[in-house]
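The next block is coords-v1.cif, given as mmCIF, C-alpha atoms and all ligand atoms.
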```
data_target
#
loop_
_atom_site.label_atom_id
_atom_site.label_comp_id
_atom_site.auth_asym_id
_atom_site.auth_seq_id
_atom_site.Cartn_x
_atom_site.Cartn_y
_atom_site.Cartn_z
CA MET A 1 15.69 43.33 12.39
CA LYS A 2 14.01 39.89 12.68
CA ILE A 3 16.39 37.05 13.52
CA LEU A 4 15.64 33.33 13.21
CA LEU A 5 17.25 31.14 15.87
CA THR A 6 17.35 27.49 14.81
CA GLY A 7 17.54 25.42 18.00
CA GLY A 8 16.71 28.64 19.83
CA ALA A 9 15.00 26.83 22.74
CA GLY A 10 18.28 25.22 23.78
CA TYR A 11 20.80 26.32 26.40
CA ILE A 12 22.84 28.79 24.31
CA GLY A 13 19.92 29.66 22.02
CA SER A 14 17.58 30.68 24.85
CA HIS A 15 20.20 32.93 26.43
CA THR A 16 20.94 34.46 23.02
CA ALA A 17 17.20 35.07 22.46
CA VAL A 18 17.11 37.07 25.72
CA GLU A 19 20.08 39.24 24.71
CA LEU A 20 18.74 39.81 21.18
CA LEU A 21 15.33 40.88 22.53
CA ASN A 22 17.01 43.15 25.07
CA ALA A 23 19.02 44.67 22.20
CA GLY A 24 15.82 45.46 20.25
CA PHE A 25 15.82 42.62 17.73
CA ASP A 26 12.70 40.58 16.92
CA VAL A 27 13.21 36.85 17.50
CA VAL A 28 11.75 33.80 15.77
CA ILE A 29 12.63 30.36 17.19
CA ALA A 30 12.50 27.16 15.17
CA ASP A 31 13.14 24.11 17.35
CA ASP A 32 12.14 20.43 17.30
CA PHE A 33 12.23 20.41 21.11
CA SER A 34 14.12 17.09 21.06
CA ASN A 35 16.56 18.51 23.61
CA SER A 36 14.64 21.47 25.07
CA SER A 37 11.30 22.35 26.65
CA PRO A 38 8.49 24.68 25.45
CA GLU A 39 8.63 26.15 28.97
CA VAL A 40 11.81 27.94 27.88
CA ILE A 41 9.76 30.21 25.62
CA ARG A 42 7.62 31.37 28.53
CA ARG A 43 10.76 32.03 30.59
CA ILE A 44 12.36 34.09 27.77
CA GLU A 45 9.17 36.16 27.48
CA LYS A 46 8.99 36.58 31.26
CA ILE A 47 12.59 37.83 31.47
CA THR A 48 12.31 40.27 28.55
CA GLY A 49 8.60 41.19 28.61
CA LYS A 50 8.62 40.61 24.85
CA ALA A 51 6.88 38.04 22.64
CA VAL A 52 8.76 35.36 20.71
CA SER A 53 7.40 33.63 17.58
CA VAL A 54 7.93 29.87 17.92
CA TYR A 55 7.79 27.06 15.36
CA HIS A 56 7.95 23.42 16.47
CA VAL A 57 9.79 22.13 13.39
CA ASP A 58 12.64 19.89 12.33
CA VAL A 59 15.05 22.32 10.66
CA ALA A 60 16.01 19.56 8.20
CA ASP A 61 12.38 19.46 6.98
CA GLU A 62 12.45 21.71 3.91
CA LYS A 63 8.68 22.28 3.70
CA ALA A 64 8.38 23.09 7.38
CA LEU A 65 11.35 25.45 7.32
CA GLU A 66 10.06 27.22 4.22
CA GLY A 67 6.86 27.86 6.14
CA VAL A 68 8.83 29.76 8.77
CA PHE A 69 10.46 31.93 6.09
CA GLU A 70 7.10 32.47 4.35
CA ASP A 71 5.50 33.64 7.60
CA ASN A 72 8.34 35.97 8.58
CA SER A 73 10.58 38.44 6.81
CA ILE A 74 13.82 37.02 8.22
CA ASP A 75 16.85 39.35 8.14
CA GLY A 76 19.42 36.93 9.55
CA VAL A 77 19.84 33.48 11.08
CA ILE A 78 21.71 32.18 14.10
CA HIS A 79 22.12 28.44 13.60
CA PHE A 80 22.19 26.48 16.87
CA ALA A 81 20.15 23.42 15.86
CA GLY A 82 22.08 20.18 16.15
CA PHE A 83 22.89 17.21 18.37
CA LYS A 84 25.72 18.06 20.75
CA ALA A 85 26.68 15.14 23.00
CA VAL A 86 30.29 14.12 22.37
CA GLY A 87 29.96 10.61 23.84
CA GLU A 88 26.65 9.92 22.06
CA SER A 89 28.17 11.02 18.75
CA VAL A 90 30.75 8.22 19.04
CA LYS A 91 27.92 5.69 19.46
CA ILE A 92 25.62 6.98 16.67
CA PRO A 93 27.84 8.93 14.24
CA LEU A 94 25.50 8.56 11.24
CA ALA A 95 22.60 10.13 13.15
CA TYR A 96 24.90 13.06 14.04
CA TYR A 97 26.04 13.56 10.44
CA ARG A 98 22.50 13.15 9.10
CA ASN A 99 20.99 15.59 11.59
CA ASN A 100 23.66 18.26 12.04
CA ILE A 101 24.70 18.46 8.40
CA GLY A 102 21.18 17.83 7.08
CA CYS A 103 19.78 20.75 9.09
CA THR A 104 22.53 23.00 7.81
CA LEU A 105 22.08 22.10 4.14
CA THR A 106 18.31 22.63 4.31
CA LEU A 107 18.82 25.93 6.13
CA LEU A 108 21.38 27.27 3.62
CA GLU A 109 19.19 26.25 0.66
CA THR A 110 16.14 27.89 2.23
CA MET A 111 18.09 31.06 3.06
CA GLU A 112 19.16 31.28 -0.60
CA LYS A 113 15.59 30.72 -1.79
CA PHE A 114 14.31 33.57 0.40
CA GLY A 115 17.26 35.91 -0.13
CA VAL A 116 18.42 35.80 3.51
CA ASN A 117 22.12 36.63 3.53
CA ILE A 118 23.49 36.55 7.08
CA ILE A 119 24.25 33.40 9.07
CA ILE A 120 25.92 33.17 12.47
CA PHE A 121 27.03 29.59 13.15
CA SER A 122 27.34 27.91 16.55
CA SER A 123 30.72 26.21 16.13
CA SER A 124 33.05 24.87 18.79
CA ALA A 125 36.67 24.92 19.92
CA THR A 126 36.49 21.17 19.35
CA VAL A 127 37.25 21.90 15.69
CA TYR A 128 40.89 22.55 16.67
CA GLY A 129 41.30 18.88 17.59
CA THR A 130 44.19 18.22 19.97
CA PRO A 131 45.77 21.66 20.52
CA LYS A 132 49.09 21.99 18.67
CA ALA A 133 49.88 25.10 20.74
CA LEU A 134 48.13 27.26 23.34
CA PRO A 135 46.32 29.61 23.48
CA LEU A 136 44.25 28.55 20.48
CA ALA A 137 43.97 31.23 17.76
CA GLU A 138 41.56 31.31 14.82
CA ASP A 139 44.37 31.02 12.24
CA MET A 140 45.62 27.75 13.71
CA THR A 141 45.03 24.55 11.79
CA THR A 142 41.81 22.69 12.56
CA GLY A 143 41.13 18.97 12.83
CA PRO A 144 41.30 16.09 12.99
CA CYS A 145 38.52 15.97 15.58
CA SER A 146 38.47 13.28 18.24
CA ASN A 147 34.72 12.63 17.89
CA PRO A 148 31.95 12.79 15.25
CA TYR A 149 30.25 15.70 17.02
CA GLY A 150 33.38 17.83 16.58
CA SER A 151 33.72 16.64 12.98
CA THR A 152 30.17 17.81 12.19
CA LYS A 153 31.13 21.29 13.43
CA LEU A 154 34.30 21.26 11.33
CA PHE A 155 32.47 20.04 8.22
CA ILE A 156 29.68 22.60 8.69
CA GLU A 157 32.23 25.41 8.91
CA GLN A 158 33.59 24.21 5.54
CA ILE A 159 30.10 23.90 4.03
CA ILE A 160 29.26 27.46 5.05
CA MET A 161 32.58 28.79 3.70
CA ASP A 162 31.99 27.01 0.37
CA ALA A 163 28.42 28.34 0.19
CA ALA A 164 29.66 31.90 0.82
CA ALA A 165 32.39 31.49 -1.80
CA ALA A 166 29.74 30.50 -4.36
CA ARG A 167 27.17 33.12 -3.31
CA LYS A 168 29.00 36.40 -2.74
CA GLU A 169 26.04 38.05 -1.00
CA LEU A 170 26.12 35.43 1.78
CA THR A 171 27.85 36.70 4.93
CA ALA A 172 28.85 34.21 7.63
CA VAL A 173 30.31 34.55 11.13
CA LEU A 174 31.55 31.29 12.63
CA LEU A 175 31.72 31.32 16.43
CA ARG A 176 34.00 28.78 18.14
CA TYR A 177 32.69 28.38 21.69
CA PHE A 178 35.01 27.22 24.44
CA ASN A 179 33.25 25.83 27.54
CA PRO A 180 29.88 27.53 28.12
CA VAL A 181 28.68 27.44 31.75
CA GLY A 182 26.36 29.37 34.06
CA ALA A 183 22.84 30.71 33.64
CA HIS A 184 20.96 33.99 33.31
CA GLN A 185 21.04 36.01 36.54
CA SER A 186 17.23 35.69 36.87
CA GLY A 187 17.57 31.95 37.51
CA LEU A 188 14.74 31.45 34.98
CA VAL A 189 16.75 29.94 32.12
CA GLY A 190 19.74 27.61 32.32
CA GLU A 191 21.24 24.32 31.24
CA MET A 192 19.06 21.20 31.37
CA PRO A 193 21.21 18.22 30.33
CA ASN A 194 19.39 15.08 29.21
CA GLY A 195 20.08 12.39 31.84
CA ILE A 196 23.39 12.31 33.74
CA PRO A 197 25.40 15.40 32.72
CA ASN A 198 28.54 14.80 30.66
CA ASN A 199 29.89 18.27 31.35
CA LEU A 200 31.61 19.38 34.54
CA MET A 201 29.56 22.34 35.76
CA PRO A 202 26.08 20.79 35.46
CA PHE A 203 27.44 17.65 37.13
CA ILE A 204 28.74 19.75 40.04
CA SER A 205 25.41 21.57 40.37
CA GLN A 206 23.52 18.27 40.44
CA VAL A 207 25.82 17.06 43.21
CA ALA A 208 25.11 20.32 45.05
CA VAL A 209 21.33 19.87 44.75
CA GLY A 210 21.57 16.26 45.89
CA LYS A 211 20.68 14.55 42.62
CA LEU A 212 24.16 13.00 42.36
CA ALA A 213 26.28 11.70 45.23
CA ARG A 214 29.72 12.91 44.25
CA LEU A 215 31.83 14.27 41.43
CA ASN A 216 34.28 11.98 39.66
CA VAL A 217 37.35 14.00 38.78
CA PHE A 218 38.60 12.41 35.58
CA GLY A 219 42.28 12.15 36.31
CA ASN A 220 44.76 14.27 38.29
CA ASP A 221 47.91 13.19 36.44
CA TYR A 222 47.75 15.66 33.55
CA PRO A 223 50.71 18.01 32.99
CA THR A 224 48.76 20.95 34.48
CA LYS A 225 49.14 23.05 37.63
CA ASP A 226 47.21 20.62 39.85
CA GLY A 227 47.09 17.60 37.54
CA THR A 228 43.41 18.04 36.59
CA GLY A 229 42.13 19.16 33.18
CA VAL A 230 42.24 22.85 32.31
CA ARG A 231 39.54 24.52 30.20
CA ASP A 232 38.39 28.00 29.16
CA TYR A 233 34.99 28.38 30.87
CA ILE A 234 32.85 31.22 29.56
CA HIS A 235 29.62 32.51 31.13
CA VAL A 236 26.68 31.73 28.83
CA VAL A 237 25.43 35.35 29.11
CA ASP A 238 28.80 36.61 27.83
CA LEU A 239 28.56 34.03 25.07
CA ALA A 240 25.02 35.18 24.20
CA LYS A 241 26.20 38.79 23.98
CA GLY A 242 28.94 37.58 21.65
CA HIS A 243 26.21 36.51 19.22
CA VAL A 244 24.65 39.98 19.25
CA ALA A 245 28.10 41.42 18.56
CA ALA A 246 28.62 38.89 15.74
CA LEU A 247 25.29 39.84 14.15
CA ASN A 248 26.15 43.54 14.26
CA TYR A 249 29.59 42.70 12.86
CA GLY A 250 28.13 40.62 10.02
CA VAL A 251 25.71 43.36 8.99
CA LYS A 252 28.64 45.77 8.56
CA ASN A 253 31.28 43.33 7.23
CA PRO A 254 30.33 41.13 4.25
CA GLY A 255 32.25 37.87 3.78
CA VAL A 256 33.22 35.09 6.19
CA GLU A 257 34.90 35.53 9.59
CA VAL A 258 35.81 33.11 12.37
CA PHE A 259 35.96 34.08 16.05
CA ASN A 260 36.87 32.31 19.27
CA LEU A 261 34.37 33.02 22.04
CA GLY A 262 36.30 32.34 25.21
CA THR A 263 37.79 34.27 28.12
CA GLY A 264 41.44 33.42 27.41
CA ILE A 265 41.72 32.10 30.99
CA GLY A 266 42.18 28.41 31.78
CA TYR A 267 40.79 26.94 35.00
CA SER A 268 41.38 23.41 36.28
CA VAL A 269 38.67 21.04 37.45
CA LEU A 270 39.71 21.66 41.06
CA ASP A 271 39.64 25.43 40.48
CA ILE A 272 35.98 25.05 39.45
CA VAL A 273 35.10 22.81 42.40
CA ASN A 274 36.81 25.11 44.90
CA ALA A 275 35.20 28.24 43.43
CA PHE A 276 31.76 26.63 43.49
CA VAL A 277 32.20 25.60 47.14
CA LYS A 278 33.49 29.03 48.15
CA VAL A 279 30.88 31.12 46.32
CA ASN A 280 27.88 29.00 47.25
CA GLN A 281 29.06 27.75 50.68
CA ILE A 282 28.10 24.20 49.78
CA GLU A 283 30.20 21.02 49.94
CA ILE A 284 30.97 19.13 46.72
CA PRO A 285 32.27 15.64 47.56
CA TYR A 286 34.58 14.26 44.86
CA VAL A 287 36.85 11.33 44.09
CA ILE A 288 39.76 11.18 41.69
CA THR A 289 39.16 8.52 39.03
CA ASP A 290 40.87 7.49 35.80
CA ARG A 291 41.12 9.89 32.90
CA ARG A 292 38.12 10.04 30.53
CA ALA A 293 38.94 8.62 27.09
CA GLY A 294 39.48 11.38 24.52
CA ASP A 295 40.09 14.15 27.05
CA ILE A 296 42.96 16.59 26.50
CA ALA A 297 45.03 18.14 29.26
CA GLU A 298 44.55 21.80 28.49
CA CYS A 299 42.53 24.05 26.18
CA TYR A 300 41.98 27.80 26.30
CA ALA A 301 41.40 30.62 23.81
CA ASN A 302 43.30 33.49 22.37
CA ALA A 303 40.26 35.79 22.63
CA GLU A 304 41.96 38.87 21.17
CA LYS A 305 40.40 38.84 17.68
CA ALA A 306 36.78 39.11 18.88
CA SER A 307 37.77 42.04 21.06
CA ARG A 308 39.71 43.77 18.29
CA LEU A 309 37.20 43.30 15.45
CA MET A 310 33.83 43.00 17.22
CA GLY A 311 34.51 45.01 20.35
CA TRP A 312 33.29 41.98 22.37
CA LYS A 313 35.05 40.63 25.47
CA ALA A 314 33.83 38.24 28.17
CA GLY A 315 33.44 40.12 31.45
CA LEU A 316 31.70 37.77 33.88
CA THR A 317 33.94 36.00 36.38
CA LEU A 318 34.32 32.43 37.59
CA GLU A 319 32.47 33.49 40.73
CA ASP A 320 29.57 34.77 38.57
CA MET A 321 29.55 31.45 36.67
CA CYS A 322 29.33 29.45 39.92
CA ARG A 323 26.78 31.73 41.58
CA ASP A 324 24.48 31.86 38.55
CA THR A 325 24.75 28.11 37.95
CA TRP A 326 23.70 27.39 41.52
CA ARG A 327 20.78 29.89 41.48
CA TRP A 328 19.38 28.20 38.37
CA GLN A 329 19.89 24.65 39.71
CA LYS A 330 18.49 25.48 43.16
CA ASN A 331 15.37 27.12 41.68
CA ASN A 332 14.94 24.40 39.04
CA PRO A 333 16.17 21.08 40.52
CA ASN A 334 14.49 19.22 37.63
CA GLY A 335 15.22 21.78 34.93
CA TYR A 336 12.09 22.92 33.08
CA GLU A 337 9.92 19.97 34.11
C1 LIG B 401 35.68 19.74 31.35
C2 LIG B 401 36.75 19.19 32.27
C3 LIG B 401 36.96 16.80 32.16
C4 LIG B 401 32.98 15.96 33.85
C5 LIG B 401 32.93 19.43 26.01
C6 LIG B 401 32.84 19.20 24.54
C7 LIG B 401 32.98 20.49 23.80
C8 LIG B 401 32.03 21.54 24.34
C9 LIG B 401 32.14 21.68 25.84
C10 LIG B 401 30.20 21.65 22.80
C11 LIG B 401 37.58 18.08 31.62
C12 LIG B 401 36.48 17.23 33.54
C13 LIG B 401 34.10 16.60 33.36
C14 LIG B 401 33.07 15.19 35.04
C15 LIG B 401 35.40 15.76 35.20
N1 LIG B 401 30.70 21.23 23.98
N2 LIG B 401 35.29 16.50 34.03
N3 LIG B 401 34.29 15.13 35.66
O1 LIG B 401 35.17 17.90 27.55
O2 LIG B 401 36.16 20.25 27.80
O3 LIG B 401 34.20 19.91 26.31
O4 LIG B 401 31.95 20.37 26.41
O5 LIG B 401 30.70 22.32 21.95
O6 LIG B 401 32.71 20.26 22.45
O7 LIG B 401 33.92 18.37 24.16
O8 LIG B 401 33.91 19.74 28.78
O9 LIG B 401 32.71 19.82 30.91
O10 LIG B 401 32.93 17.59 29.72
O11 LIG B 401 34.94 18.63 30.82
O12 LIG B 401 36.48 15.69 35.79
O13 LIG B 401 32.08 14.57 35.53
O14 LIG B 401 36.11 18.59 33.40
O15 LIG B 401 37.92 15.76 32.25
O16 LIG B 401 38.91 18.21 32.10
P1 LIG B 401 34.97 19.38 27.64
P2 LIG B 401 33.53 18.90 30.09
#
```

Before anything else, please render the file you have as structure tokens.
Ligand code: WQD
Amino acid sequence: MKILLTGGAGYIGSHTAVELLNAGFDVVIADDFSNSSPEVIRRIEKITGKAVSVYHVDVADEKALEGVFEDNSIDGVIHFAGFKAVGESVKIPLAYYRNNIGCTLTLLETMEKFGVNIIIFSSSATVYGTPKALPLAEDMTTGPCSNPYGSTKLFIEQIIMDAAAARKELTAVLLRYFNPVGAHQSGLVGEMPNGIPNNLMPFISQVAVGKLARLNVFGNDYPTKDGTGVRDYIHVVDLAKGHVAALNYGVKNPGVEVFNLGTGIGYSVLDIVNAFVKVNQIEIPYVITDRRAGDIAECYANAEKASRLMGWKAGLTLEDMCRDTWRWQKNNPNGYE
């Protein structure tokens, strides 16, 4: 089977490309490289020993995207393409709606035109909004989201569900990621945030490599075990394997299904810092600062449904996440540059 990865040169997309190739799928990547590097393609091919077809296109560009479908007999699509910075989305919401929703509409229309009937969508636990109860389960109410980025994910889930309701042959699997961290064990692909990292783990690894002086821990007065925020961190390789499982599930199960991709385990900020220090034997200076606006105290998944229906379960540990993050950062202090 030949699978198109929109945004496939990004952090999650590149790791998913590796797992798909390892599982015997053919991979086509369509990416505008606005938040990724062409070097990623060479790394994917080096890890797997297999070739990847690449198209430097804006997924929202109908003509360009049709060219990809004309060149390749696509059997399914994994849709990663989209802007993903929470803070930036608050500053430029219209650009986020235009890009993230525009890409999706063009993709769904093109899939219909070419008779491509399976889509796996890169959604996010952010769609749950402020958790009403924990752990978060797929049948819990979603929204309202605390930022435009999260709202684009919620709206796109609805768009895909409506499209599948109108076109019975369209199958969709919506994957709600918790907090992806880590890197492939080869140290050849990993996360390359634009500028100063917003997320915890890449910030820690940039402190470790000396690019940043210290970590600011955003608040230690939350109602959690040590007062710092608790999240469900999932190794990006486990997450990537979840996409392979979702594809295999979609092929066998027509319709629309939603899955959490998390570990079901919550770790605090200080748990992450202490694990990183212990595993990598490297100091991470930090200071406690005020809470970050919009942050919630705690968020972690009920991961049971993906295990029950897809036979997928995260297996890599917090130690693996810290070790693999550091190997990538140490070998690539400036990412793919
Ligand atoms: C984790 C914890 C912070 C940075 C975001 C998006 C979400 C998803 C994952 C895309 C929190 C604390 C962080 C720092 C800190 N992305 N922290 N100092 O906010 O849970 O989720 O990324 O889908 O949509 O919202 O992740 O890594 O930013 O924060 O103390 O420098 O680390 O307060 O408790 P978050 P994060």

| query | Between CA of Ala183 in chain A and CA of Leu239 in chain A, what is the spacing in Å? | reply | 10.8 Å

| Selection within 8 Å of ligand LIG 401 (chain B) by only C-alpha atoms and all ligand atoms, output as a PyMOL selection string | chain A and resi 84-86+123-126+149-150+177-180+197-201+203-204+215-219+228-231+268-269+291-292+295-299

| request: Using all atoms listed in the file, find the one residue out of A:Thr325, A:Ser122, A:Asn274, A:Gln185 that sits nearest to Leu261 in chain A. | output: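 Between A:Thr325, A:Ser122, A:Asn274, A:Gln185, the residue approaching Leu261 in chain A most closely is A:Ser122.
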
| said: Report, in Å to a single decimal, how far apart CA of Glu304 in chain A and CA of Gly242 in chain A are. | reply: 13.1 Å

| query | Which residues come within 10 Å of range 50-56 of chain A, counting all atoms listed in the file, excluding same-chain residues fewer than 4 positions away, as a ChimeraX atom specification? | reply | /A:4-9,17-18,21-22,24,26-34,38,41-42,44-46,64-65,67-68,72

Those residues you just picked out, can you put them in a file as a compact mmCIF listing (two decimals), keeping the file's coordinate frame with C-alpha atoms?
```
# COMPACT_ATOMS: atom_id res chain seq x y z
CA LEU A 4 15.64 33.33 13.21
CA LEU A 5 17.25 31.14 15.87
CA THR A 6 17.35 27.49 14.81
CA GLY A 7 17.54 25.42 18.00
CA GLY A 8 16.71 28.64 19.83
CA ALA A 9 15.00 26.83 22.74
CA ALA A 17 17.20 35.07 22.46
CA VAL A 18 17.11 37.07 25.72
CA LEU A 21 15.33 40.88 22.53
CA ASN A 22 17.01 43.15 25.07
CA GLY A 24 15.82 45.46 20.25
CA ASP A 26 12.70 40.58 16.92
CA VAL A 27 13.21 36.85 17.50
CA VAL A 28 11.75 33.80 15.77
CA ILE A 29 12.63 30.36 17.19
CA ALA A 30 12.50 27.16 15.17
CA ASP A 31 13.14 24.11 17.35
CA ASP A 32 12.14 20.43 17.30
CA PHE A 33 12.23 20.41 21.11
CA SER A 34 14.12 17.09 21.06
CA PRO A 38 8.49 24.68 25.45
CA ILE A 41 9.76 30.21 25.62
CA ARG A 42 7.62 31.37 28.53
CA ILE A 44 12.36 34.09 27.77
CA GLU A 45 9.17 36.16 27.48
CA LYS A 46 8.99 36.58 31.26
CA ALA A 64 8.38 23.09 7.38
CA LEU A 65 11.35 25.45 7.32
CA GLY A 67 6.86 27.86 6.14
CA VAL A 68 8.83 29.76 8.77
CA ASN A 72 8.34 35.97 8.58
```

| So which one's closest to Pro135 in chain A, A:Asn331, A:Tyr267, A:Asp232, A:Val258? Using only C-alpha atoms, please. |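 Closest to Pro135 in chain A, using only C-alpha atoms: A:Asp232.
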
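Using all atoms listed in the file, the residues found no farther than 6 Å from range 262-264 of chain A, other than those of its own chain fewer than 6 positions away, are Phe178, Ile234, Tyr300, Ala301, Asn302, Ala303 and Ala314 of chain A.
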
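Residues within 8 Å of Thr104 in chain A, counting all atoms listed in the file and excluding same-chain residues fewer than 6 positions away, are A:Ala60, A:His79, A:Ile156.
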
| Which value, in Å to one decimal, gives the distance between CA of Met321 in chain A and CA of His235 in chain A? |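 CA of His235 in chain A lies at a distance of 5.6 Å from CA of Met321 in chain A.
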